[in-house]
Structures are given as structure tokens and as C-alpha cells.
file my_file.cif (mmCIF, C-alpha atoms)
data_work
loop_
_atom_site.label_atom_id
_atom_site.label_comp_id
_atom_site.auth_asym_id
_atom_site.auth_seq_id
_atom_site.Cartn_x
_atom_site.Cartn_y
_atom_site.Cartn_z
CA MET A 1 79.37 124.77 96.59
CA THR A 2 79.10 122.19 93.80
CA THR A 3 81.76 119.79 92.57
CA PHE A 4 82.36 120.22 88.83
CA LEU A 5 84.19 117.89 86.45
CA TRP A 6 86.28 119.63 83.80
CA GLU A 7 88.54 118.96 80.82
CA GLY A 8 90.92 121.29 79.03
CA THR A 9 94.40 121.93 77.62
CA ASN A 10 97.37 123.13 79.67
CA ALA A 11 100.14 125.53 78.67
CA GLN A 12 102.18 122.66 77.18
CA GLY A 13 99.29 121.68 74.91
CA ARG A 14 98.43 118.48 76.78
CA ARG A 15 94.86 117.44 77.57
CA VAL A 16 94.14 117.54 81.30
CA SER A 17 91.06 116.91 83.44
CA GLY A 18 89.99 117.00 87.05
CA GLN A 19 87.37 118.26 89.46
CA ILE A 20 86.90 121.45 91.42
CA GLU A 21 84.38 122.88 93.88
CA ALA A 22 82.79 126.15 92.78
CA LYS A 23 79.54 128.14 92.85
CA ASP A 24 78.89 127.92 89.11
CA THR A 25 80.40 127.12 85.71
CA GLN A 26 81.80 130.62 85.25
CA THR A 27 83.76 130.35 88.50
CA VAL A 28 85.24 127.05 87.29
CA PHE A 29 86.17 128.68 83.97
CA ASN A 30 87.90 131.60 85.74
CA ALA A 31 89.79 129.29 88.14
CA LEU A 32 91.10 127.16 85.26
CA ARG A 33 92.17 130.21 83.25
CA ALA A 34 94.09 131.42 86.31
CA GLN A 35 96.05 128.14 86.18
CA ARG A 36 96.86 128.75 82.48
CA ILE A 37 94.47 125.98 81.46
CA ILE A 38 92.18 126.47 78.45
CA PRO A 39 88.94 124.76 79.51
CA ASN A 40 86.58 122.96 77.18
CA VAL A 41 83.31 124.68 78.08
CA LYS A 42 81.23 121.74 76.85
CA LYS A 43 83.11 119.41 79.24
CA ILE A 44 82.48 121.46 82.40
CA ARG A 45 79.59 119.74 84.17
CA PRO A 46 78.36 119.15 87.73
CA LYS A 47 79.51 115.88 89.19
CA GLY A 48 76.88 113.26 90.04
CA ARG A 49 74.52 113.60 87.08
CA GLY A 50 73.66 111.07 84.43
CA LEU A 51 76.37 108.52 83.80
CA GLN A 52 78.74 110.49 86.05
CA MET A 53 76.65 109.71 89.12
CA GLU A 54 78.64 107.96 91.85
CA ILE A 55 77.01 105.00 93.60
CA LYS A 56 78.58 104.61 97.02
CA ILE A 57 78.09 101.48 99.09
CA PRO A 58 79.33 101.89 102.70
CA GLY A 59 82.41 99.79 103.37
CA LEU A 60 82.88 98.76 99.74
CA GLY A 61 84.33 101.95 98.27
CA PRO A 62 88.05 102.49 97.65
CA LYS A 63 90.12 103.36 100.72
CA VAL A 64 93.38 105.23 101.09
CA ARG A 65 96.00 102.66 102.10
CA PRO A 66 99.19 103.47 104.03
CA LYS A 67 101.31 102.36 101.07
CA ASP A 68 99.46 104.91 98.89
CA VAL A 69 100.54 107.68 101.27
CA VAL A 70 104.14 106.40 101.37
CA LEU A 71 104.38 106.28 97.58
CA PHE A 72 102.85 109.75 97.29
CA THR A 73 105.28 111.14 99.89
CA ARG A 74 108.32 109.83 98.02
CA GLN A 75 107.07 111.06 94.64
CA PHE A 76 106.08 114.43 96.08
CA ALA A 77 109.53 114.84 97.70
CA THR A 78 111.21 114.18 94.34
CA MET A 79 109.02 116.74 92.57
CA ILE A 80 109.62 119.42 95.22
CA ASP A 81 113.37 118.74 95.07
CA ALA A 82 113.18 119.19 91.28
CA GLY A 83 111.59 122.61 91.75
CA LEU A 84 108.02 121.90 90.62
CA PRO A 85 105.32 124.21 92.06
CA LEU A 86 103.02 122.62 94.65
CA VAL A 87 99.88 122.95 92.54
CA GLN A 88 101.48 121.36 89.48
CA ALA A 89 102.95 118.53 91.57
CA PHE A 90 99.55 117.73 93.10
CA ASP A 91 97.86 117.90 89.70
CA ILE A 92 100.34 115.39 88.22
CA LEU A 93 100.13 113.03 91.19
CA ALA A 94 96.32 113.16 91.28
CA ARG A 95 95.96 112.44 87.56
CA GLN A 96 98.29 109.45 87.64
CA HIS A 97 96.89 107.86 90.82
CA GLU A 98 94.56 104.87 90.33
CA ASN A 99 92.94 105.05 93.79
CA ALA A 100 89.83 107.23 93.35
CA ALA A 101 89.59 108.01 97.07
CA PHE A 102 93.20 109.22 97.27
CA LYS A 103 92.84 111.16 94.00
CA LYS A 104 89.94 113.05 95.56
CA VAL A 105 92.06 113.85 98.61
CA LEU A 106 94.96 115.14 96.49
CA LEU A 107 92.62 117.33 94.43
CA GLY A 108 91.15 118.71 97.66
CA VAL A 109 94.63 119.61 98.97
CA LYS A 110 95.50 121.14 95.60
CA GLU A 111 92.38 123.32 95.69
CA ARG A 112 93.23 124.56 99.20
CA VAL A 113 96.75 125.52 98.08
CA GLU A 114 95.34 127.23 94.97
CA THR A 115 93.07 129.42 97.11
CA GLY A 116 96.01 130.71 99.17
CA GLY A 117 96.21 128.15 101.98
CA THR A 118 99.43 126.47 103.07
CA LEU A 119 100.24 122.86 102.26
CA SER A 120 99.84 121.86 105.91
CA ASP A 121 96.39 123.51 105.95
CA GLY A 122 95.36 121.42 102.96
CA LEU A 123 96.67 118.19 104.48
CA ALA A 124 94.97 118.93 107.81
CA GLN A 125 91.58 118.74 106.03
CA TYR A 126 92.03 114.96 105.79
CA PRO A 127 93.08 113.71 109.27
CA LYS A 128 92.25 110.09 108.40
CA VAL A 129 94.84 110.19 105.60
CA PHE A 130 97.44 112.65 106.94
CA ASP A 131 97.74 112.36 110.73
CA ASP A 132 99.07 114.93 113.21
CA LEU A 133 102.62 113.64 112.77
CA TYR A 134 102.47 114.18 109.01
CA VAL A 135 100.90 117.64 109.23
CA ASN A 136 103.27 118.90 111.94
CA MET A 137 106.36 117.72 110.09
CA VAL A 138 105.17 119.34 106.85
CA THR A 139 104.56 122.55 108.81
CA ALA A 140 108.14 122.39 110.12
CA GLY A 141 109.40 121.74 106.58
CA GLU A 142 107.48 124.72 105.20
CA ASN A 143 108.72 127.03 107.95
CA GLY A 144 112.33 125.87 107.59
CA GLY A 145 112.40 125.74 103.78
CA ILE A 146 113.39 122.06 103.79
CA LEU A 147 110.11 120.49 102.69
CA ASP A 148 111.79 117.95 100.36
CA ILE A 149 114.08 116.72 103.17
CA ILE A 150 111.14 116.47 105.59
CA LEU A 151 109.11 114.48 103.07
CA GLU A 152 111.97 112.00 102.63
CA ARG A 153 112.16 111.55 106.40
CA LEU A 154 108.40 111.07 106.52
CA ALA A 155 108.56 108.37 103.85
CA VAL A 156 111.28 106.50 105.76
CA HIS A 157 109.30 106.82 108.99
CA GLN A 158 106.13 105.51 107.35
CA GLU A 159 107.95 102.53 105.85
CA LYS A 160 109.37 101.64 109.27
CA ALA A 161 105.92 102.04 110.85
CA MET A 162 104.35 99.76 108.22
CA LYS A 163 107.00 97.12 108.90
CA LEU A 164 106.29 97.27 112.64
CA LYS A 165 102.58 96.94 111.96
CA ARG A 166 103.22 93.84 109.84
CA GLU A 167 105.28 92.36 112.66
CA ILE A 168 102.41 92.93 115.12
CA LYS A 169 99.92 91.33 112.75
CA THR A 170 102.21 88.34 112.28
CA ALA A 171 102.62 87.97 116.03
CA MET A 172 98.87 88.06 116.62
CA ILE A 173 97.40 86.33 113.56
CA TYR A 174 99.65 83.26 113.42
CA PRO A 175 98.63 81.68 116.76
CA ALA A 176 95.01 82.82 116.25
CA VAL A 177 94.84 80.90 112.97
CA VAL A 178 96.27 77.75 114.56
CA VAL A 179 93.83 77.95 117.50
CA ALA A 180 90.92 78.52 115.11
CA ALA A 181 91.97 75.45 113.11
CA ALA A 182 92.08 73.37 116.30
CA VAL A 183 88.59 74.57 117.32
CA ILE A 184 87.15 73.82 113.86
CA VAL A 185 88.66 70.34 113.70
CA THR A 186 87.44 69.53 117.22
CA ALA A 187 83.95 70.84 116.43
CA VAL A 188 83.73 68.74 113.24
CA LEU A 189 84.74 65.62 115.17
CA LEU A 190 82.26 66.26 117.99
CA ILE A 191 79.33 67.19 115.71
CA PHE A 192 79.72 64.83 112.75
CA VAL A 193 82.19 62.00 113.47
CA ILE A 194 81.62 60.97 117.09
CA PRO A 195 77.79 60.63 116.79
CA THR A 196 78.41 57.96 114.12
CA PHE A 197 80.60 56.01 116.53
CA ALA A 198 78.03 56.50 119.30
CA GLU A 199 75.31 54.84 117.18
CA LEU A 200 77.68 51.95 116.47
CA PHE A 201 78.49 51.49 120.17
CA ASN A 202 74.79 51.46 121.12
CA ASP A 203 74.48 48.13 119.29
CA PHE A 204 77.19 46.58 121.49
CA GLY A 205 74.93 46.52 124.54
CA ALA A 206 77.95 46.73 126.86
CA ALA A 207 79.30 49.41 129.18
CA LEU A 208 81.72 51.80 127.46
CA PRO A 209 85.12 52.84 128.85
CA LEU A 210 84.99 56.07 130.88
CA PRO A 211 86.97 58.20 128.34
CA THR A 212 84.67 57.05 125.52
CA GLN A 213 81.53 57.78 127.53
CA LEU A 214 82.81 61.24 128.46
CA VAL A 215 83.56 62.10 124.82
CA ILE A 216 80.12 60.85 123.70
CA ASN A 217 78.43 62.90 126.44
CA LEU A 218 80.39 65.96 125.33
CA SER A 219 79.41 65.32 121.71
CA ASN A 220 75.73 64.96 122.66
CA PHE A 221 75.87 68.25 124.58
CA VAL A 222 77.54 70.11 121.67
CA VAL A 223 75.07 68.70 119.11
CA ALA A 224 72.09 69.62 121.30
CA HIS A 225 73.33 73.17 121.98
CA VAL A 226 75.43 73.91 118.88
CA ILE A 227 73.54 77.12 118.05
CA GLU A 228 73.76 78.43 121.62
CA ILE A 229 77.48 77.60 121.89
CA PHE A 230 78.53 79.24 118.62
CA GLY A 231 76.14 82.15 119.24
CA SER A 232 77.74 82.73 122.64
CA LEU A 233 81.27 82.54 121.21
CA LEU A 234 80.36 84.99 118.45
CA GLY A 235 78.75 87.32 120.98
CA ILE A 236 81.84 87.23 123.22
CA ILE A 237 84.13 87.98 120.26
CA ILE A 238 81.97 90.91 119.08
CA PHE A 239 81.78 92.29 122.63
CA LEU A 240 85.55 92.09 123.12
CA VAL A 241 86.26 93.74 119.74
CA ARG A 242 83.88 96.61 120.49
CA PHE A 243 85.00 96.91 124.11
CA ALA A 244 88.64 97.10 122.97
CA LYS A 245 87.78 100.14 120.82
CA THR A 246 86.34 102.11 123.74
CA SER A 247 88.46 104.27 126.03
CA ARG A 248 87.40 102.22 129.07
CA GLY A 249 88.17 98.97 127.28
CA GLN A 250 91.66 100.16 126.35
CA GLU A 251 92.36 101.21 129.92
CA VAL A 252 91.41 97.71 131.10
CA LEU A 253 92.91 95.59 128.31
CA HIS A 254 96.14 97.42 127.44
CA PRO A 255 97.85 96.87 130.83
CA LEU A 256 96.83 93.20 130.65
CA LEU A 257 98.32 92.81 127.17
CA LEU A 258 101.71 93.91 128.48
CA LYS A 259 101.59 91.06 131.05
CA VAL A 260 100.72 88.27 128.60
CA PRO A 261 103.62 85.79 128.30
CA ILE A 262 105.64 86.16 125.07
CA PHE A 263 103.15 88.61 123.50
CA GLY A 264 103.58 91.18 126.27
CA ASP A 265 107.30 91.42 125.63
CA ILE A 266 106.74 91.89 121.89
CA ILE A 267 104.11 94.59 122.50
CA ARG A 268 106.51 96.40 124.86
CA LYS A 269 109.33 96.36 122.31
CA VAL A 270 107.00 97.58 119.56
CA ALA A 271 105.88 100.46 121.80
CA VAL A 272 109.48 101.49 122.53
CA ALA A 273 110.45 101.28 118.85
CA ARG A 274 107.41 103.28 117.72
CA PHE A 275 107.89 105.98 120.38
CA THR A 276 111.60 106.48 119.77
CA ARG A 277 111.26 106.40 115.96
CA THR A 278 108.39 108.92 115.95
CA LEU A 279 109.94 111.29 118.48
CA GLY A 280 113.38 111.11 116.86
CA THR A 281 111.98 111.82 113.40
CA MET A 282 109.95 114.80 114.61
CA LEU A 283 112.76 116.35 116.65
CA SER A 284 115.23 116.03 113.76
CA SER A 285 112.66 117.80 111.55
CA GLY A 286 112.33 120.79 113.85
CA VAL A 287 109.00 120.00 115.54
CA PRO A 288 108.94 121.45 119.12
CA ILE A 289 109.48 118.74 121.71
CA LEU A 290 106.21 119.39 123.59
CA ASP A 291 104.20 119.07 120.38
CA ALA A 292 106.20 116.00 119.39
CA LEU A 293 105.59 114.27 122.73
CA ASN A 294 101.88 115.07 122.55
CA ILE A 295 101.66 113.44 119.11
CA CYS A 296 103.75 110.45 120.27
CA ALA A 297 101.36 109.92 123.16
CA ARG A 298 98.28 109.97 120.92
CA THR A 299 99.83 107.57 118.40
CA ALA A 300 101.37 105.20 120.97
CA GLY A 301 98.69 102.52 120.46
CA ASN A 302 98.71 101.59 124.14
CA LYS A 303 97.13 103.50 127.04
CA VAL A 304 100.01 102.66 129.40
CA VAL A 305 102.58 104.11 126.99
CA GLU A 306 100.35 107.13 126.33
CA ARG A 307 100.10 107.87 130.05
CA ASP A 308 103.88 107.54 130.56
CA VAL A 309 104.69 109.80 127.60
CA GLN A 310 102.25 112.44 128.80
CA ARG A 311 104.01 112.40 132.18
CA ALA A 312 107.31 112.97 130.39
CA ARG A 313 105.73 115.89 128.52
CA VAL A 314 104.54 117.47 131.78
CA SER A 315 108.03 117.02 133.26
CA ILE A 316 109.63 118.84 130.32
CA SER A 317 107.02 121.62 130.41
CA GLU A 318 108.09 122.21 134.03
CA GLY A 319 111.73 122.54 132.99
CA LYS A 320 112.75 119.07 134.11
CA SER A 321 114.08 116.02 132.26
CA MET A 322 111.93 113.29 130.74
CA VAL A 323 114.22 110.65 132.27
CA GLU A 324 112.58 110.54 135.71
CA PRO A 325 108.97 109.85 134.57
CA LEU A 326 110.17 107.32 131.98
CA SER A 327 112.30 105.52 134.58
CA GLU A 328 109.12 104.91 136.61
CA SER A 329 107.42 103.33 133.62
CA ALA A 330 106.87 99.60 133.30
CA VAL A 331 107.34 99.86 129.54
CA PHE A 332 110.68 101.57 129.02
CA PRO A 333 113.73 99.46 130.04
CA PRO A 334 116.53 101.10 132.09
CA MET A 335 118.91 100.97 129.10
CA VAL A 336 116.48 103.03 126.99
CA VAL A 337 115.97 105.58 129.77
CA GLN A 338 119.74 105.93 130.27
CA MET A 339 120.36 106.43 126.55
CA ILE A 340 117.63 109.08 126.41
CA GLY A 341 119.28 110.80 129.37
CA VAL A 342 122.63 110.79 127.57
CA GLY A 343 120.95 112.20 124.46
CA GLU A 344 119.38 115.02 126.47
CA SER A 345 122.63 115.93 128.21
CA THR A 346 124.69 115.93 124.99
CA GLY A 347 122.10 117.73 122.85
CA ALA A 348 121.85 114.80 120.44
CA LEU A 349 118.52 113.39 121.58
CA ASP A 350 117.14 112.91 118.04
CA ALA A 351 120.16 110.84 116.93
CA MET A 352 120.07 108.77 120.13
CA LEU A 353 116.35 108.07 119.68
CA GLN A 354 116.94 106.86 116.10
CA LYS A 355 119.63 104.43 117.35
CA ILE A 356 117.26 103.09 120.01
CA ALA A 357 114.53 102.68 117.39
CA GLU A 358 116.81 100.72 115.06
CA PHE A 359 117.87 98.43 117.91
CA TYR A 360 114.32 97.71 119.07
CA GLU A 361 112.97 97.25 115.55
CA ALA A 362 115.56 94.51 115.12
CA GLU A 363 114.55 93.13 118.53
CA VAL A 364 110.90 92.98 117.43
CA ASP A 365 111.85 91.11 114.28
CA ASN A 366 113.90 88.59 116.26
CA ALA A 367 111.17 88.21 118.92
CA VAL A 368 108.48 87.50 116.32
CA THR A 369 110.69 84.92 114.59
CA ALA A 370 111.46 83.22 117.91
CA MET A 371 107.77 83.26 118.87
CA LYS A 372 106.78 81.57 115.63
CA GLN A 373 109.43 78.89 116.15
CA LEU A 374 108.22 78.34 119.74
CA ILE A 375 104.47 78.45 119.15
CA GLU A 376 104.42 76.18 116.10
CA PRO A 377 105.49 72.98 117.90
CA ILE A 378 103.35 73.87 120.94
CA MET A 379 100.25 74.36 118.81
CA ILE A 380 100.91 71.18 116.85
CA LEU A 381 101.35 69.29 120.12
CA VAL A 382 98.10 70.69 121.56
CA LEU A 383 96.16 70.02 118.36
CA GLY A 384 97.59 66.51 118.16
CA ALA A 385 96.72 65.83 121.79
CA VAL A 386 93.11 67.00 121.39
CA VAL A 387 92.42 65.21 118.11
CA GLY A 388 94.43 62.14 119.14
CA GLY A 389 92.65 61.97 122.48
CA LEU A 390 89.24 62.02 120.79
CA VAL A 391 90.25 59.33 118.28
CA ILE A 392 91.75 57.05 120.95
CA ALA A 393 88.64 57.45 123.13
CA MET A 394 86.50 56.30 120.20
CA TYR A 395 88.67 53.28 119.46
CA LEU A 396 88.96 52.06 123.07
CA PRO A 397 85.71 49.99 122.89
CA ILE A 398 86.90 48.41 119.63
CA PHE A 399 90.23 47.48 121.22
CA LYS A 400 88.41 46.09 124.27
CA MET A 401 86.05 44.08 122.09
CA GLY A 402 89.00 42.67 120.12
CA SER A 403 90.78 41.56 123.28
CA VAL A 404 87.59 39.80 124.55
CA VAL A 405 87.07 38.01 121.25
CA GLY A 406 90.73 37.00 121.20
#

call {"tool": "encode", "arguments": {"input": "my_file.cif", "output": "C-alpha cells"}}
result
Amino acid sequence: MTTFLWEGTNAQGRRVSGQIEAKDTQTVFNALRAQRIIPNVKKIRPKGRGLQMEIKIPGLGPKVRPKDVVLFTRQFATMIDAGLPLVQAFDILARQHENAAFKKVLLGVKERVETGGTLSDGLAQYPKVFDDLYVNMVTAGENGGILDIILERLAVHQEKAMKLKREIKTAMIYPAVVVAAAVIVTAVLLIFVIPTFAELFNDFGAALPLPTQLVINLSNFVVAHVIEIFGSLLGIIIFLVRFAKTSRGQEVLHPLLLKVPIFGDIIRKVAVARFTRTLGTMLSSGVPILDALNICARTAGNKVVERDVQRARVSISEGKSMVEPLSESAVFPPMVVQMIGVGESTGALDAMLQKIAEFYEAEVDNAVTAMKQLIEPIMILVLGAVVGGLVIAMYLPIFKMGSVVG
């Protein structure tokens, strides 16, 4: 199959263009005529020749961003609610989208629908853009005839998920930036500033105070091994980043993250909010609970939460309640477990889960704000103590010399 670029005129007389995979030009022509598009034969050409050739550099091409998917979902829901056919809706959305990568995805989904596949089949072709949650909810919407309603729920869910992700980034990046600034300032002082003072003190010909001598020795060590030190730090960081992406690394690191002071509590609240929001949204959309729990486990973002949710899934598959396995978890607080139990017994589990999600999303927001207010003075105090200690150590000989002269 070859990808062809085409241009033509639709039934309303407007000029349209796009791309399609086909065996030859005649197949493209027939496919366009079937869509009531009059193709310009001279404009049908294989993609990737001459000036149309795409030059792809790994890592530098356009990527599909979460906000692209959210915007598409809202626009698509509006079009479906207005009664537009799926193919026409995808054609309009693809033509107006500026992101080339996402435009290609939409055209691929459109082609799958055109050839007789379902919408969920088309979306499932692009798991990196439309995850299991998205595909399963669309499947439920197609089966229940409420696709527009499902898409609106998906858009709301995605917006909430993006907000939680921003909160996590804020919680992690803010202290990391402050620590990095402290390390850089200290390194500059040790490598460039203190050696100048050391040369000055060598001319004194007198014994230096112990703090000053210790700082100078530290500076000499850093200057002599600066490449080895920064190489080791870089190696450790690269190792930890790669290790954290492996299954074994996640099994080791994720339980530890939940025990870190301040951050562990935020991670736990984020996990509860994400689980309850995702499960509540899927159940209210008609996704079977076993499928929903399986998706929640895979998208939990923490191995401990994934393991606990899978236990709850096994419990339900055996005809039991999910309350007992969740009550044994170190992640889910007793209040959450009790509310889930009430939701199960009253048949309103989806509504109860949404209430829990709203509460914990607010808790995450408050926790991140409180953390920033707490960490800022601590970091300033630590940075001030380190830099101030180095400066005082360097000025001690000068003070001592002044007192002798006086």
C-alpha cells in the first residue's frame, strides 16, 4: 500500500485535500468518488516524492499532545451531537488541525471508518494517542448509542487528568529546581571563588582557621576531580531515570516514593483521585467493571496501586466485594474504602467514586500549595546556610588578621 496525496472538490463545491493509502491512483480515484468528491487527477500523487518528501529527524518531529486530544474530543462530541457523519467530522477536524502528527492519526481513523470498521477499531490503531480508557469508553458509547455523551465525559476526564499531572509536576519540579540552584552556586564558589582566596591566604604564611582549611581542602578536591564528580553524578541520574522505567525499577522505587515525607502523601492522594475518577467515569459510561478495573490498574502510575486494584478485580470476579482487598491496601484510606462500600451496597458506585475524586483532587491542590509554602523557606534556609558558611569560612582569616593588627 502507498500513501497518496489528493486534491478535489466536495459536494458543496469547496476545495478539499488529504491523503489516503491505496494500491494505485485508480483506487484513490474510486475511493474519492465514493465519498462524493470530484478528484483532480493531476493532483493525485504518491507521498514522499520531490518537494513532498518528508524529512523526519527522530525526537524532533511534531508530537500529539494531551491538549490536542482533549480539544479534538470536545469538537468531535459537538459534531456528533449536531448529527454529522463520522467520516465528514473526521475530515473537517483533520483539515483544520495544525499538528501534522495528529492530522495523520485522524486521517488514519477516518480511513478505517470508511472501509467499514467501527470508530473504536480506528482509534485502537493508535494506542499512544488513544489509550485503553478512551477506546473502551468509545466502544460503550457506540454500543449504547450515546457517543456524544461519552465523548463529553471523556473530555472532562482528560481535563481533570491533565490538571492532576500538572500538580504532580509542580510538586516534583519546584524543589528539584531549588536544589539544583544550590548545587550550582556551591560548585561555582568551590571551583572559581575559593581558589582565589586560597592563593591570597598562601601569602599570609600563617596557620588558617580549621573551617577555612576544610573549605580550601574541599575546593582543591573538587577542582582536581571535577570531571569525575560531575561524570559520576550524571551517570547516577541517567541510571536512576532508566531504572525507574523498568518493571523491576518501578517495583523497587514506587513503594519507597509512598514513604517519602510530604511527597509520599501527595503521591497517595493523586493515586486515589486518579483511580476513583477513572473508574467512576468508565462505570457511568457503561464499561463493564472488570474491564474498567483492569484499565485502572494499568493506568495507575504506581505499582503498589496497580497491585491493589488487581486484587480488587480478582475479588469481584469471584463474586465478592472490592472493599476487603482495598481495606488491606496502604494507599486507600479507610474513609475512601467505606464510601466505596456504601456505593456498592446502594448501587450508586459511579456517583460515589466521582465525589471521592472531587474531594481528593481538591486535597492534592491544597497539599501542593502547602508543600510549596513549606519547602520555600526550608530551601532558602539551607541555601543560605551553605553559601553563608562558605563565605564566613573564607573571611575568618581576614577577621583574625584584623584583630591581630588592631

call {"tool": "residues_around", "arguments": {"input": "my_file.cif", "residues": "segment 36-38 of chain A", "least_positions_apart": "4", "cutoff": "9 Å", "atoms": "only C-alpha atoms", "output": "PyMOL selection string"}}
result
chain A and resi 7-11+16+29+31-32

call {"tool": "residues_near_point", "arguments": {"input": "my_file.cif", "point": "(91.0, 108.1, 103.0)", "cutoff": "6 Å", "atoms": "all atoms listed in the file", "output": "list in words"}}
result
Lys63, Val64, Lys128 and Val129 of chain A

call {"tool": "write_last_selection", "arguments": {"input": "my_file.cif", "atoms": "C-alpha atoms", "output": "PDB file, keeping the file's coordinate frame"}}
result
ATOM      1  CA  LYS A  63      90.120 103.360 100.720  1.00  0.00           C
ATOM      2  CA  VAL A  64      93.380 105.230 101.090  1.00  0.00           C
ATOM      3  CA  LYS A 128      92.250 110.090 108.400  1.00  0.00           C
ATOM      4  CA  VAL A 129      94.840 110.190 105.600  1.00  0.00           C
TER       5      VAL A 129
END

call {"tool": "residues_around", "arguments": {"input": "my_file.cif", "residues": "segment 85-95 of chain A", "least_positions_apart": "6", "cutoff": "9 Å", "atoms": "only C-alpha atoms", "output": "PyMOL selection string"}}
result
chain A and resi 16-18+72+75-76+79+102-107+109-111+113-114+119

call {"tool": "residues_around", "arguments": {"input": "my_file.cif", "residues": "Leu258 of chain A", "least_positions_apart": "6", "cutoff": "9 Å", "atoms": "all atoms listed in the file", "output": "PDB file with C-alpha atoms, in the frame of the given file"}}
result
ATOM      1  CA  GLY A 264     103.580  91.180 126.270  1.00  0.00           C
ATOM      2  CA  ASP A 265     107.300  91.420 125.630  1.00  0.00           C
ATOM      3  CA  ILE A 266     106.740  91.890 121.890  1.00  0.00           C
ATOM      4  CA  ILE A 267     104.110  94.590 122.500  1.00  0.00           C
ATOM      5  CA  ARG A 268     106.510  96.400 124.860  1.00  0.00           C
ATOM      6  CA  VAL A 304     100.010 102.660 129.400  1.00  0.00           C
ATOM      7  CA  VAL A 331     107.340  99.860 129.540  1.00  0.00           C
TER       8      VAL A 331
END

call {"tool": "residues_around", "arguments": {"input": "my_file.cif", "residues": "Arg112 of chain A", "least_positions_apart": "5", "cutoff": "9 Å", "atoms": "only C-alpha atoms", "output": "PyMOL selection string"}}
result
chain A and resi 107+117-119+121-123

call {"tool": "resolve_selection", "arguments": {"input": "my_file.cif", "expression": "the PyMOL selection byres ((chain A and resi 303) around 10)", "output": "JSON, numbers by chain"}}
result
{"A": [247, 250, 251, 252, 253, 254, 255, 297, 298, 299, 300, 301, 302, 304, 305, 306, 307, 308, 309]}

call {"tool": "resolve_selection", "arguments": {"input": "my_file.cif", "expression": "the PyMOL selection byres ((chain A and resi 164) around 9)", "output": "list of chain:residue names"}}
result
A:Glu159, A:Lys160, A:Ala161, A:Met162, A:Lys163, A:Lys165, A:Arg166, A:Glu167, A:Ile168, A:Lys169, A:Val270, A:Ala273, A:Arg274, A:Glu361, A:Val364, A:Asp365

call {"tool": "resolve_selection", "arguments": {"input": "my_file.cif", "expression": "the PyMOL selection byres ((chain A and resi 369) around 12)", "output": "number ranges by chain"}}
result
A: 167-168, 170-171, 174, 262, 266, 362-368, 370-376

call {"tool": "decode", "arguments": {"input": "my_file.cif", "residues": "segment 162-177 of chain A", "atoms": "N, CA, C and O atoms", "output": "PDB file, in the first residue's frame"}}
result
ATOM      1  N   MET A 162      -5.196  15.979  33.204  1.00  0.00           N
ATOM      2  CA  MET A 162      -4.131  16.930  32.885  1.00  0.00           C
ATOM      3  C   MET A 162      -3.833  17.837  34.070  1.00  0.00           C
ATOM      4  O   MET A 162      -2.671  18.146  34.348  1.00  0.00           O
ATOM      5  N   LYS A 163      -4.878  18.229  34.788  1.00  0.00           N
ATOM      6  CA  LYS A 163      -4.675  19.088  35.962  1.00  0.00           C
ATOM      7  C   LYS A 163      -3.889  18.336  37.041  1.00  0.00           C
ATOM      8  O   LYS A 163      -2.963  18.885  37.655  1.00  0.00           O
ATOM      9  N   LEU A 164      -4.250  17.063  37.263  1.00  0.00           N
ATOM     10  CA  LEU A 164      -3.516  16.256  38.243  1.00  0.00           C
ATOM     11  C   LEU A 164      -2.057  16.107  37.847  1.00  0.00           C
ATOM     12  O   LEU A 164      -1.159  16.167  38.689  1.00  0.00           O
ATOM     13  N   LYS A 165      -1.826  15.905  36.556  1.00  0.00           N
ATOM     14  CA  LYS A 165      -0.457  15.760  36.069  1.00  0.00           C
ATOM     15  C   LYS A 165       0.341  17.029  36.313  1.00  0.00           C
ATOM     16  O   LYS A 165       1.519  16.986  36.691  1.00  0.00           O
ATOM     17  N   ARG A 166      -0.293  18.189  36.097  1.00  0.00           N
ATOM     18  CA  ARG A 166       0.386  19.466  36.367  1.00  0.00           C
ATOM     19  C   ARG A 166       0.720  19.604  37.838  1.00  0.00           C
ATOM     20  O   ARG A 166       1.787  20.120  38.202  1.00  0.00           O
ATOM     21  N   GLU A 167      -0.195  19.148  38.695  1.00  0.00           N
ATOM     22  CA  GLU A 167       0.052  19.223  40.136  1.00  0.00           C
ATOM     23  C   GLU A 167       1.262  18.362  40.516  1.00  0.00           C
ATOM     24  O   GLU A 167       2.094  18.766  41.332  1.00  0.00           O
ATOM     25  N   ILE A 168       1.359  17.165  39.913  1.00  0.00           N
ATOM     26  CA  ILE A 168       2.493  16.288  40.209  1.00  0.00           C
ATOM     27  C   ILE A 168       3.791  16.934  39.757  1.00  0.00           C
ATOM     28  O   ILE A 168       4.800  16.922  40.476  1.00  0.00           O
ATOM     29  N   LYS A 169       3.784  17.509  38.556  1.00  0.00           N
ATOM     30  CA  LYS A 169       4.986  18.160  38.046  1.00  0.00           C
ATOM     31  C   LYS A 169       5.406  19.314  38.946  1.00  0.00           C
ATOM     32  O   LYS A 169       6.587  19.504  39.228  1.00  0.00           O
ATOM     33  N   THR A 170       4.414  20.091  39.394  1.00  0.00           N
ATOM     34  CA  THR A 170       4.716  21.204  40.285  1.00  0.00           C
ATOM     35  C   THR A 170       5.342  20.704  41.582  1.00  0.00           C
ATOM     36  O   THR A 170       6.320  21.265  42.079  1.00  0.00           O
ATOM     37  N   ALA A 171       4.761  19.616  42.101  1.00  0.00           N
ATOM     38  CA  ALA A 171       5.267  19.070  43.369  1.00  0.00           C
ATOM     39  C   ALA A 171       6.694  18.559  43.246  1.00  0.00           C
ATOM     40  O   ALA A 171       7.475  18.659  44.200  1.00  0.00           O
ATOM     41  N   MET A 172       7.044  18.026  42.080  1.00  0.00           N
ATOM     42  CA  MET A 172       8.361  17.429  41.904  1.00  0.00           C
ATOM     43  C   MET A 172       9.403  18.429  41.386  1.00  0.00           C
ATOM     44  O   MET A 172      10.558  18.413  41.809  1.00  0.00           O
ATOM     45  N   ILE A 173       9.004  19.288  40.477  1.00  0.00           N
ATOM     46  CA  ILE A 173       9.963  20.172  39.810  1.00  0.00           C
ATOM     47  C   ILE A 173      10.417  21.306  40.725  1.00  0.00           C
ATOM     48  O   ILE A 173      11.603  21.669  40.738  1.00  0.00           O
ATOM     49  N   TYR A 174       9.503  21.868  41.502  1.00  0.00           N
ATOM     50  CA  TYR A 174       9.841  23.048  42.306  1.00  0.00           C
ATOM     51  C   TYR A 174      11.022  22.791  43.242  1.00  0.00           C
ATOM     52  O   TYR A 174      12.028  23.517  43.194  1.00  0.00           O
ATOM     53  N   PRO A 175      10.977  21.777  44.105  1.00  0.00           N
ATOM     54  CA  PRO A 175      12.148  21.541  44.975  1.00  0.00           C
ATOM     55  C   PRO A 175      13.380  21.119  44.197  1.00  0.00           C
ATOM     56  O   PRO A 175      14.510  21.437  44.592  1.00  0.00           O
ATOM     57  N   ALA A 176      13.191  20.395  43.072  1.00  0.00           N
ATOM     58  CA  ALA A 176      14.341  19.971  42.267  1.00  0.00           C
ATOM     59  C   ALA A 176      15.089  21.179  41.709  1.00  0.00           C
ATOM     60  O   ALA A 176      16.322  21.203  41.684  1.00  0.00           O
ATOM     61  N   VAL A 177      14.351  22.199  41.278  1.00  0.00           N
ATOM     62  CA  VAL A 177      14.977  23.411  40.743  1.00  0.00           C
ATOM     63  C   VAL A 177      15.763  24.139  41.825  1.00  0.00           C
ATOM     64  O   VAL A 177      16.885  24.606  41.603  1.00  0.00           O
TER      65      VAL A 177
END
